[in-house]
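What's in my_file_38.cif: mmCIF, C-alpha atoms
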```
data_target
loop_
_atom_site.group_PDB
_atom_site.id
_atom_site.type_symbol
_atom_site.label_atom_id
_atom_site.label_comp_id
_atom_site.auth_asym_id
_atom_site.auth_seq_id
_atom_site.Cartn_x
_atom_site.Cartn_y
_atom_site.Cartn_z
ATOM 1 C CA MET A 184 8.735 95.366 -32.819
ATOM 2 C CA LYS A 185 7.119 92.778 -35.084
ATOM 3 C CA GLU A 186 3.725 92.608 -36.709
ATOM 4 C CA THR A 187 1.737 89.358 -36.659
ATOM 5 C CA LEU A 188 0.433 88.212 -40.040
ATOM 6 C CA GLU A 189 -1.730 85.317 -41.196
ATOM 7 C CA ALA A 190 -0.027 81.936 -41.555
ATOM 8 C CA SER A 191 1.535 81.504 -44.987
ATOM 9 C CA THR A 192 4.407 79.862 -46.867
ATOM 10 C CA THR A 193 6.807 82.725 -46.243
ATOM 11 C CA LEU A 194 10.100 80.876 -46.469
ATOM 12 C CA ALA A 195 12.692 82.387 -48.740
ATOM 13 C CA PRO A 196 14.801 82.204 -50.727
ATOM 14 C CA ILE A 197 13.954 78.861 -52.243
ATOM 15 C CA PRO A 198 15.462 77.170 -55.293
ATOM 16 C CA ALA A 199 13.722 77.346 -58.639
ATOM 17 C CA VAL A 200 14.171 74.059 -60.495
ATOM 18 C CA MET A 201 12.815 72.487 -63.657
ATOM 19 C CA VAL A 202 11.545 68.950 -63.151
ATOM 20 C CA SER A 203 11.494 66.807 -66.274
ATOM 21 C CA CYS A 204 9.456 63.633 -66.523
ATOM 22 C CA GLY A 205 8.149 61.134 -69.057
ATOM 23 C CA ASN A 206 10.496 59.649 -71.633
ATOM 24 C CA MET A 207 12.510 60.787 -74.636
ATOM 25 C CA GLU A 208 9.473 60.616 -76.942
ATOM 26 C CA GLU A 209 6.893 62.207 -74.640
ATOM 27 C CA ALA A 210 8.365 64.428 -71.960
ATOM 28 C CA ASN A 211 7.225 67.361 -69.890
ATOM 29 C CA ILE A 212 8.853 69.998 -67.727
ATOM 30 C CA THR A 213 7.361 71.709 -64.709
ATOM 31 C CA THR A 214 9.001 74.486 -62.742
ATOM 32 C CA ILE A 215 9.000 73.888 -59.007
ATOM 33 C CA ALA A 216 9.999 76.254 -56.227
ATOM 34 C CA TRP A 217 8.783 73.996 -53.415
ATOM 35 C CA THR A 218 11.693 71.575 -53.281
ATOM 36 C CA GLY A 219 14.479 70.620 -50.961
ATOM 37 C CA VAL A 220 16.677 68.026 -49.326
ATOM 38 C CA ILE A 221 15.146 65.495 -46.938
ATOM 39 C CA ASN A 222 17.940 63.035 -46.172
ATOM 40 C CA SER A 223 21.643 62.368 -46.810
ATOM 41 C CA GLU A 224 21.894 58.566 -46.743
ATOM 42 C CA PRO A 225 20.180 57.598 -48.903
ATOM 43 C CA PRO A 226 20.098 60.945 -50.707
ATOM 44 C CA LEU A 227 16.436 62.005 -50.747
ATOM 45 C CA ILE A 228 14.898 65.178 -52.107
ATOM 46 C CA TYR A 229 11.316 66.272 -52.609
ATOM 47 C CA VAL A 230 9.221 68.284 -55.020
ATOM 48 C CA SER A 231 5.716 69.405 -54.123
ATOM 49 C CA ILE A 232 3.233 69.325 -57.009
ATOM 50 C CA ARG A 233 -0.466 70.167 -57.270
ATOM 51 C CA PRO A 234 -2.511 67.119 -58.373
ATOM 52 C CA SER A 235 -3.986 69.224 -61.200
ATOM 53 C CA ARG A 236 -0.585 69.695 -62.869
ATOM 54 C CA HIS A 237 0.228 67.697 -66.006
ATOM 55 C CA SER A 238 3.496 66.355 -64.568
ATOM 56 C CA TYR A 239 1.783 64.993 -61.453
ATOM 57 C CA ASN A 240 0.334 61.891 -63.136
ATOM 58 C CA ILE A 241 3.357 61.386 -65.368
ATOM 59 C CA ILE A 242 5.677 61.109 -62.357
ATOM 60 C CA LYS A 243 3.147 59.046 -60.429
ATOM 61 C CA GLU A 244 2.866 56.541 -63.313
ATOM 62 C CA THR A 245 6.545 56.340 -64.338
ATOM 63 C CA GLY A 246 8.067 56.560 -60.862
ATOM 64 C CA GLU A 247 10.968 58.677 -62.134
ATOM 65 C CA PHE A 248 11.883 62.325 -62.614
ATOM 66 C CA VAL A 249 14.883 64.596 -62.976
ATOM 67 C CA VAL A 250 15.421 67.738 -60.941
ATOM 68 C CA ASN A 251 17.252 70.051 -63.333
ATOM 69 C CA ILE A 252 18.900 72.986 -61.594
ATOM 70 C CA PRO A 253 19.021 76.042 -63.875
ATOM 71 C CA ASP A 254 21.493 78.897 -63.765
ATOM 72 C CA GLU A 255 21.025 82.589 -64.447
ATOM 73 C CA LYS A 256 21.075 82.025 -68.234
ATOM 74 C CA LEU A 257 17.829 80.018 -67.984
ATOM 75 C CA VAL A 258 15.534 82.443 -66.149
ATOM 76 C CA TRP A 259 13.166 82.905 -69.092
ATOM 77 C CA GLU A 260 12.974 79.159 -69.756
ATOM 78 C CA THR A 261 12.418 78.410 -66.064
ATOM 79 C CA ASP A 262 9.572 80.920 -65.895
ATOM 80 C CA TYR A 263 8.070 79.671 -69.176
ATOM 81 C CA CYS A 264 8.003 76.061 -67.966
ATOM 82 C CA GLY A 265 6.235 77.188 -64.805
ATOM 83 C CA THR A 266 3.576 79.311 -66.485
ATOM 84 C CA LYS A 267 2.593 77.143 -69.460
ATOM 85 C CA SER A 268 0.843 73.780 -69.301
ATOM 86 C CA GLY A 269 2.388 70.683 -70.822
ATOM 87 C CA LYS A 270 -1.153 69.638 -71.755
ATOM 88 C CA GLU A 271 -1.157 72.457 -74.302
ATOM 89 C CA VAL A 272 2.469 72.910 -75.423
ATOM 90 C CA ASP A 273 5.679 70.934 -75.834
ATOM 91 C CA LYS A 274 7.820 72.847 -73.356
ATOM 92 C CA PHE A 275 11.092 71.366 -74.592
ATOM 93 C CA LYS A 276 10.310 72.617 -78.094
ATOM 94 C CA GLU A 277 8.804 75.987 -77.188
ATOM 95 C CA ALA A 278 11.485 76.869 -74.619
ATOM 96 C CA HIS A 279 14.251 75.659 -76.978
ATOM 97 C CA LEU A 280 15.533 73.147 -74.431
ATOM 98 C CA THR A 281 17.367 69.946 -75.323
ATOM 99 C CA LYS A 282 16.344 66.499 -74.084
ATOM 100 C CA GLU A 283 19.393 64.648 -72.855
ATOM 101 C CA VAL A 284 19.406 60.911 -72.175
ATOM 102 C CA SER A 285 19.687 60.361 -68.427
ATOM 103 C CA LYS A 286 22.095 57.777 -67.063
ATOM 104 C CA LYS A 287 19.820 55.898 -64.625
ATOM 105 C CA VAL A 288 16.210 56.959 -65.282
ATOM 106 C CA SER A 289 14.034 57.051 -68.391
ATOM 107 C CA ALA A 290 13.011 60.698 -67.880
ATOM 108 C CA PRO A 291 15.178 63.008 -69.964
ATOM 109 C CA SER A 292 17.457 65.556 -68.356
ATOM 110 C CA ILE A 293 17.614 69.143 -69.605
ATOM 111 C CA ALA A 294 20.988 69.529 -71.330
ATOM 112 C CA GLU A 295 21.172 73.293 -70.774
ATOM 113 C CA CYS A 296 20.916 72.975 -66.986
ATOM 114 C CA PRO A 297 24.333 72.753 -65.334
ATOM 115 C CA ILE A 298 23.143 70.243 -62.727
ATOM 116 C CA ASN A 299 20.740 67.303 -63.098
ATOM 117 C CA LEU A 300 19.588 65.088 -60.229
ATOM 118 C CA GLU A 301 18.110 61.843 -61.522
ATOM 119 C CA CYS A 302 15.496 60.503 -59.102
ATOM 120 C CA LYS A 303 13.473 57.364 -58.489
ATOM 121 C CA LEU A 304 10.149 57.996 -56.767
ATOM 122 C CA LYS A 305 10.087 56.545 -53.252
ATOM 123 C CA GLU A 306 6.824 57.912 -51.898
ATOM 124 C CA ILE A 307 4.016 60.395 -52.444
ATOM 125 C CA LYS A 308 2.715 62.183 -49.366
ATOM 126 C CA LYS A 309 -0.726 63.754 -49.732
ATOM 127 C CA LEU A 310 -0.627 67.076 -47.910
ATOM 128 C CA GLY A 311 -3.471 69.331 -49.107
ATOM 129 C CA SER A 312 -3.045 71.750 -51.991
ATOM 130 C CA HIS A 313 0.168 69.946 -53.029
ATOM 131 C CA ASP A 314 1.491 66.406 -52.721
ATOM 132 C CA MET A 315 5.113 65.787 -51.831
ATOM 133 C CA PHE A 316 6.973 63.500 -54.225
ATOM 134 C CA ILE A 317 9.972 62.041 -52.405
ATOM 135 C CA GLY A 318 12.707 60.922 -54.759
ATOM 136 C CA GLU A 319 15.936 59.073 -54.163
ATOM 137 C CA VAL A 320 18.776 60.690 -56.075
ATOM 138 C CA VAL A 321 20.342 57.847 -58.062
ATOM 139 C CA CYS A 322 22.664 59.916 -60.244
ATOM 140 C CA VAL A 323 24.080 63.455 -60.261
ATOM 141 C CA ASN A 324 25.345 65.043 -63.466
ATOM 142 C CA ALA A 325 27.172 68.376 -63.365
ATOM 143 C CA ALA A 326 28.871 70.620 -65.894
ATOM 144 C CA LYS A 327 32.607 69.886 -65.826
ATOM 145 C CA GLU A 328 33.492 73.520 -65.148
ATOM 146 C CA LEU A 329 31.529 73.365 -61.883
ATOM 147 C CA VAL A 330 33.252 70.265 -60.502
ATOM 148 C CA LYS A 331 36.193 70.948 -58.198
ATOM 149 C CA ASP A 332 37.845 68.176 -56.180
ATOM 150 C CA GLY A 333 34.938 65.820 -56.855
ATOM 151 C CA LYS A 334 32.291 68.258 -55.585
ATOM 152 C CA ILE A 335 30.032 70.783 -57.275
ATOM 153 C CA ASP A 336 31.171 74.379 -56.767
ATOM 154 C CA LEU A 337 27.682 75.680 -56.002
ATOM 155 C CA ALA A 338 28.864 79.177 -55.069
ATOM 156 C CA ASN A 339 30.029 79.812 -58.633
ATOM 157 C CA ALA A 340 27.154 78.078 -60.410
ATOM 158 C CA LYS A 341 24.922 81.201 -60.532
ATOM 159 C CA LEU A 342 21.866 79.100 -59.626
ATOM 160 C CA ILE A 343 18.405 80.656 -59.572
ATOM 161 C CA THR A 344 16.489 81.280 -56.377
ATOM 162 C CA TYR A 345 12.902 82.391 -56.063
ATOM 163 C CA LEU A 346 11.970 85.189 -53.704
ATOM 164 C CA GLY A 347 8.587 86.911 -53.627
ATOM 165 C CA ASN A 348 7.609 86.134 -57.237
ATOM 166 C CA LYS A 349 11.003 87.255 -58.510
ATOM 167 C CA TYR A 350 14.111 85.331 -59.557
ATOM 168 C CA TYR A 351 17.545 85.976 -58.057
ATOM 169 C CA ILE A 352 20.943 84.339 -57.914
ATOM 170 C CA ALA A 353 22.723 83.709 -54.632
ATOM 171 C CA ASP A 354 26.436 84.160 -55.065
ATOM 172 C CA THR A 355 27.623 86.447 -52.283
ATOM 173 C CA LYS A 356 29.326 84.696 -49.399
ATOM 174 C CA VAL A 357 28.568 86.178 -45.983
ATOM 175 C CA GLY A 358 30.123 83.537 -43.726
ATOM 176 C CA ASP A 359 31.352 79.968 -43.298
ATOM 177 C CA ARG A 360 29.869 77.056 -41.418
ATOM 178 C CA GLY A 361 31.470 76.955 -37.993
ATOM 179 C CA ILE A 362 31.976 80.723 -37.849
ATOM 180 C CA CYS A 363 30.381 80.626 -34.383
ATOM 181 C CA LEU A 364 33.144 78.307 -33.161
ATOM 182 C CA LYS A 365 35.932 80.784 -33.893
#
```

Structure rendered as structure tokens:
Amino acid sequence: MKETLEASTTLAPIPAVMVSCGNMEEANITTIAWTGVINSEPPLIYVSIRPSRHSYNIIKETGEFVVNIPDEKLVWETDYCGTKSGKEVDKFKEAHLTKEVSKKVSAPSIAECPINLECKLKEIKKLGSHDMFIGEVVCVNAAKELVKDGKIDLANAKLITYLGNKYYIADTKVGDRGICLK
């Protein structure tokens, strides 16, 4: 038996990422849990941001951003960058994060994050409380220890997920794609 509830954004788990924007001199970080893949060719991802957020106008004006994927060692920093405003604090400085020169965009990457997806803004979709920023991934940088046979070993990356206002890591395999075909 199921109980019917009011419509809500009950989709979980979702990734928790830190989106960096701006340039090496003036940069900001915002933590986003509303993000995902849209397309494979070209590789497109999205981040949904409230228009009132500091990063919103920075990304809109520069047309670039980096989706930095944190691991379990960066839970505090991820939470900090999502609860403080870049209008009031320098999040790189206060969270003790290192700006790293990106390869194909002017927005800095976060050196401590094991995976960085450099993106060029393709489109902004106005949706309501949040606007969806669609970015084309133009460069992927990954920690060498995570790269196996030219691919990122995501299962061993200890990446953060967000579930009901709590952070988790997803690292327990429960099946393989195609299991239904066996």

Answer key for the PyMOL selection byres ((chain A and resi 198) around 8), residues as a PyMOL selection string: chain A and resi 196-197+199-200+216-219+342-345

Please report, as lines of an AutoDock Vina configuration file, the centre and edge lengths in Å to one decimal of an axis-aligned box covering all listed atoms of region 296-311 of chain A with 6 Å per side.
```
center_x = 10.4
center_y = 64.8
center_z = -57.4
size_x = 39.8
size_y = 28.4
size_z = 31.1
```

8 Å contact set for region 242-251 of chain A, all atoms listed in the file, chain neighbours under 3 positions out, as a VMD selection string: chain A and resid 200 to 205 238 to 239 288 to 293 296 to 305 318

How would the residues just picked look written out with C-alpha atoms as an mmCIF file, keeping the file's coordinate frame?
```
data_model
loop_
_atom_site.group_PDB
_atom_site.id
_atom_site.type_symbol
_atom_site.label_atom_id
_atom_site.label_comp_id
_atom_site.auth_asym_id
_atom_site.auth_seq_id
_atom_site.Cartn_x
_atom_site.Cartn_y
_atom_site.Cartn_z
ATOM 1 C CA VAL A 200 14.171 74.059 -60.495
ATOM 2 C CA MET A 201 12.815 72.487 -63.657
ATOM 3 C CA VAL A 202 11.545 68.950 -63.151
ATOM 4 C CA SER A 203 11.494 66.807 -66.274
ATOM 5 C CA CYS A 204 9.456 63.633 -66.523
ATOM 6 C CA GLY A 205 8.149 61.134 -69.057
ATOM 7 C CA SER A 238 3.496 66.355 -64.568
ATOM 8 C CA TYR A 239 1.783 64.993 -61.453
ATOM 9 C CA VAL A 288 16.210 56.959 -65.282
ATOM 10 C CA SER A 289 14.034 57.051 -68.391
ATOM 11 C CA ALA A 290 13.011 60.698 -67.880
ATOM 12 C CA PRO A 291 15.178 63.008 -69.964
ATOM 13 C CA SER A 292 17.457 65.556 -68.356
ATOM 14 C CA ILE A 293 17.614 69.143 -69.605
ATOM 15 C CA CYS A 296 20.916 72.975 -66.986
ATOM 16 C CA PRO A 297 24.333 72.753 -65.334
ATOM 17 C CA ILE A 298 23.143 70.243 -62.727
ATOM 18 C CA ASN A 299 20.740 67.303 -63.098
ATOM 19 C CA LEU A 300 19.588 65.088 -60.229
ATOM 20 C CA GLU A 301 18.110 61.843 -61.522
ATOM 21 C CA CYS A 302 15.496 60.503 -59.102
ATOM 22 C CA LYS A 303 13.473 57.364 -58.489
ATOM 23 C CA LEU A 304 10.149 57.996 -56.767
ATOM 24 C CA LYS A 305 10.087 56.545 -53.252
ATOM 25 C CA GLY A 318 12.707 60.922 -54.759
#
```

I'd like to see the residues matched by the PyMOL selection byres ((chain A and resi 189-193) around 10) on this file, and ideally I'd get them as a short mmCIF file (atom, residue, chain, number, x, y, z; two decimals) with C-alpha atoms, keeping the file's coordinate frame.
```cif
data_model
loop_
_atom_site.label_atom_id
_atom_site.label_comp_id
_atom_site.auth_asym_id
_atom_site.auth_seq_id
_atom_site.Cartn_x
_atom_site.Cartn_y
_atom_site.Cartn_z
CA THR A 187 1.74 89.36 -36.66
CA LEU A 188 0.43 88.21 -40.04
CA LEU A 194 10.10 80.88 -46.47
CA ALA A 195 12.69 82.39 -48.74
CA PRO A 196 14.80 82.20 -50.73
CA TRP A 217 8.78 74.00 -53.42
CA LEU A 346 11.97 85.19 -53.70
CA GLY A 347 8.59 86.91 -53.63
#
```

Matched chain/residue IDs from the PyMOL selection byres ((chain A and resi 210) around 9), as an MDAnalysis selection string: chainID A and resid 203:209 211:212 241 269 273:275 282 290:291

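For the pair CA of Pro226 (chain A) and CA of Asn240 (chain A), the interatomic distance is 23.4 Å.
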
One-decimal distance in Å that lies between CA of Ala325 (chain A) and CA of Arg233 (chain A): 28.4 Å

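Between CA of Gly265 (chain A) and CA of Val323 (chain A) lies a distance of 23.0 Å.
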
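Neighbouring residues of Lys327 (chain A) at 12 Å or closer, counting only C-alpha atoms and skipping chain neighbours under 6 positions away, are A:Pro297, A:Ile298, A:Gly333, A:Lys334, A:Ile335, A:Asp336, A:Ala340.
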
Cut-off 9 Å around (23.6, 81.9, -57.9) with only C-alpha atoms: residues as a ChimeraX atom specification: /A:254-255,337-344,351-355

Residues near Lys309 (chain A), cut-off 12 Å, all atoms listed in the file, skip fewer than 6 positions along chain, as an MDAnalysis selection string: chainID A and resid 231:234 315:317
